[in-house]
Amino acid sequence: MPKYIYGRNPVIDAIKSKIATKIFLANNSSCREIEELAKKENINCNIVSYDELFNFVHNSHHQGVVAEIKDFSYSSIEEILLSCKGREYPLVLLLDGIEDPQNFGAIIRSADAFGVNGIIIKKNRQVEVNPTVYKVSTGAISHVKIAMVSNLSQSIQILKKAGFWLVSSDGSATQSYLDIDYKMACALVVGSEGFGISDLVLKNSDYIVKIPMQGHVNSLNASVATGVLLANIRAHQ
C-alpha cells in the first residue's frame, strides 16, 4: 500500500533525500520550487484536485502538495553506534513507548537540533514513522537515524557494553536533571505520555532525573521534556 506525506517542507525534503517516488500537486497551487526539484530528480508531478489530495492523506492541511514515498528505512543499533565513533560525547535517545505521532515528530526535530546520534524505539506500544511524524518533524527525520527493536532492555545492555551511561527521566526521581555531569557517552530515556518508563528500564538506569516543576502542573509534554533535557545535556558537555 502506498505511503504518503504532505506539506511543502516535508515534500521538499523528501525529494532532496531521494525517498519521494511521485508528487501530487493541487491544480490551483503555486509550487514552482517543488516542480523544479521533482523535474531535476526525474519524479513525475501529477496535477489533481484538493479533494483528491485529501483522499490521499485524510488531512486538510496538505498545503496543496502530497508525495508518495518509499517505505521508511530503519537503522540498526550497530549503525547508530558506528555514527557515534569519533564523537567525544555521543548522545543516543531511547523512547519507551511514545504513542502520539505529534510528540514523536517533535522529538525527532529536537534530536536533529541537538545532534543526537540516533533514536531507539520499541516495536510494541510505540508509534512508528508515519505521515504525521514526517510532517511534524519538518524534514528532520531524513537526518536522524532511528532503530526499532523488539526488546529495549537488551538494547540498553548493548549500549552499556559500548560505554554508554543510561539517564532516565522520570517523575519519581529525587535528583534534578541539572545535577548530572553529562561529559560522558549518554543514553537518554524518555517514557510514554501516560505510563512513563518501565520498571525494568528504570532498574537498569545509572541515573534517574526529573525536571523540577514550579507551576501548577506536575509534568511536561513528552516532546517538550525531551527538548529541555537534550538542550541541557549538550550545553553541559
# chains A, B, ... in the order shown; residues from 1 in each chain; ligands from 1
$ residues_around --residues "Pro131 of chain A" --least-positions-apart "4" --cutoff "10 Å" --atoms "only C-alpha atoms" --output "MDAnalysis selection string"
chainID A and resid 3:6 10 57 69 101 105 135:137
$ residues_around --residues "segment 198-213 of chain A" --least-positions-apart "2" --cutoff "7 Å" --atoms "only C-alpha atoms" --output "PyMOL selection string"
chain A and resi 153+165-171+173-177+196+215+218
$ closest_residue --among "A:Lys85, A:Lys16, A:Lys183, A:Arg8" --to "Cys31 of chain A" --atoms "only C-alpha atoms"
A:Arg8
$ select_by_dssp --residues "segment 75-216 of chain A" --states "strand (DSSP E or B)" --output "PyMOL selection string"
chain A and resi 75+91-96+118-122+146-149+165-169+175-176+186-192+196+207-210
$ write_last_selection --atoms "C-alpha atoms" --output "CSV table (one decimal), in the first residue's frame"
chain,number,residue,atom,x,y,z
A,75,SER,CA,18.7,1.8,11.0
A,91,LEU,CA,24.3,11.0,22.6
A,92,VAL,CA,21.6,8.4,21.9
A,93,LEU,CA,17.9,8.8,22.7
A,94,LEU,CA,15.7,5.9,23.7
A,95,LEU,CA,11.9,6.2,23.7
A,96,ASP,CA,10.0,3.9,26.0
A,118,GLY,CA,20.3,8.1,16.9
A,119,ILE,CA,16.9,7.2,18.3
A,120,ILE,CA,15.9,3.8,19.5
A,121,ILE,CA,12.2,2.9,19.7
A,122,LYS,CA,10.2,-0.3,20.6
A,146,ILE,CA,16.0,5.6,14.0
A,147,ALA,CA,16.3,1.9,15.1
A,148,MET,CA,13.2,-0.2,16.0
A,149,VAL,CA,13.9,-3.0,18.4
A,165,TRP,CA,25.6,5.7,30.7
A,166,LEU,CA,21.9,5.5,31.0
A,167,VAL,CA,20.0,8.6,32.1
A,168,SER,CA,16.2,8.1,32.6
A,169,SER,CA,13.8,11.0,33.0
A,175,GLN,CA,17.7,14.1,41.5
A,176,SER,CA,17.3,17.1,39.3
A,186,CYS,CA,24.9,9.4,27.3
A,187,ALA,CA,21.8,7.4,26.5
A,188,LEU,CA,18.8,9.4,27.5
A,189,VAL,CA,15.5,7.6,28.1
A,190,VAL,CA,12.1,9.3,27.8
A,191,GLY,CA,9.0,7.4,28.8
A,192,SER,CA,5.4,7.3,27.4
A,196,GLY,CA,6.3,6.8,32.0
A,207,TYR,CA,20.8,8.0,36.8
A,208,ILE,CA,17.1,8.8,37.2
A,209,VAL,CA,16.4,12.5,36.9
A,210,LYS,CA,13.4,14.8,36.8
$ atom_distance --atom1 "atom CA of Phe24 of chain A" --atom2 "atom CA of Ser49 of chain A"
9.2 Å
$ select_by_dssp --residues "segment 144-209 of chain A" --states "alpha helix (DSSP H)" --output "PyMOL selection string"
chain A and resi 152-161+199-203
$ closest_atom_pairs --of "segment 52-116 of chain A" --to "segment 44-47 of chain A" --cutoff "12 Å" --atoms "only C-alpha atoms" --output "tab-separated table"
residue	atom	partner	partner_atom	distance
A:Glu52	CA	A:Ile47	CA	9.8
A:Leu53	CA	A:Ile47	CA	9.8
A:Gly64	CA	A:Ile47	CA	10.0
A:Val65	CA	A:Ile47	CA	9.5
A:Val66	CA	A:Asn46	CA	9.8
A:Ala67	CA	A:Cys45	CA	9.2
A:Glu68	CA	A:Asn44	CA	10.5
$ atom_distance --atom1 "atom CA of Ile77 of chain A" --atom2 "atom CA of Ala106 of chain A"
21.6 Å
$ closest_residue --among "A:Ile98, A:Ile107, A:Ala185, A:Ile43" --to "Val127 of chain A" --atoms "only C-alpha atoms"
A:Ile98
$ atom_distance --atom1 "atom CA of Arg87 of chain A" --atom2 "atom CA of Gly163 of chain A"
12.6 Å
$ closest_residue --among "A:Asn117, A:Asn103, A:Thr138, A:Gln63" --to "Leu82 of chain A" --atoms "only C-alpha atoms"
A:Asn117
$ decode --residues "segment 96-137 of chain A" --atoms "C-alpha atoms" --output "mmCIF file, in the first residue's frame"
data_model
loop_
_atom_site.group_PDB
_atom_site.id
_atom_site.type_symbol
_atom_site.label_atom_id
_atom_site.label_comp_id
_atom_site.auth_asym_id
_atom_site.auth_seq_id
_atom_site.Cartn_x
_atom_site.Cartn_y
_atom_site.Cartn_z
ATOM 1 C CA ASP A 96 9.957 3.879 25.991
ATOM 2 C CA GLY A 97 6.519 3.889 24.430
ATOM 3 C CA ILE A 98 5.783 7.251 22.773
ATOM 4 C CA GLU A 99 2.371 6.695 21.186
ATOM 5 C CA ASP A 100 1.455 10.155 19.913
ATOM 6 C CA PRO A 101 2.802 10.823 16.389
ATOM 7 C CA GLN A 102 2.813 14.577 17.066
ATOM 8 C CA ASN A 103 5.126 14.020 20.032
ATOM 9 C CA PHE A 104 7.319 11.601 18.096
ATOM 10 C CA GLY A 105 7.720 14.022 15.201
ATOM 11 C CA ALA A 106 8.582 16.896 17.547
ATOM 12 C CA ILE A 107 11.093 14.689 19.390
ATOM 13 C CA ILE A 108 12.822 13.831 16.108
ATOM 14 C CA ARG A 109 13.047 17.539 15.343
ATOM 15 C CA SER A 110 14.706 18.206 18.721
ATOM 16 C CA ALA A 111 17.011 15.227 18.235
ATOM 17 C CA ASP A 112 18.269 16.698 14.979
ATOM 18 C CA ALA A 113 18.618 20.164 16.501
ATOM 19 C CA PHE A 114 20.818 18.907 19.342
ATOM 20 C CA GLY A 115 22.930 16.453 17.375
ATOM 21 C CA VAL A 116 21.542 13.169 18.684
ATOM 22 C CA ASN A 117 23.391 10.270 17.048
ATOM 23 C CA GLY A 118 20.328 8.071 16.900
ATOM 24 C CA ILE A 119 16.916 7.225 18.337
ATOM 25 C CA ILE A 120 15.916 3.756 19.520
ATOM 26 C CA ILE A 121 12.211 2.866 19.741
ATOM 27 C CA LYS A 122 10.235 -0.252 20.638
ATOM 28 C CA LYS A 123 8.145 -2.288 18.208
ATOM 29 C CA ASN A 124 5.237 -2.510 20.650
ATOM 30 C CA ARG A 125 3.282 0.333 22.239
ATOM 31 C CA GLN A 126 5.224 2.875 20.219
ATOM 32 C CA VAL A 127 4.075 4.876 17.211
ATOM 33 C CA GLU A 128 6.013 4.034 14.059
ATOM 34 C CA VAL A 129 7.187 6.512 11.466
ATOM 35 C CA ASN A 130 4.032 7.627 9.650
ATOM 36 C CA PRO A 131 2.901 10.643 7.580
ATOM 37 C CA THR A 132 2.101 12.711 10.688
ATOM 38 C CA VAL A 133 5.556 12.004 12.119
ATOM 39 C CA TYR A 134 7.111 13.073 8.807
ATOM 40 C CA LYS A 135 5.039 16.265 8.768
ATOM 41 C CA VAL A 136 5.756 17.312 12.372
ATOM 42 C CA SER A 137 9.479 16.575 12.094
#
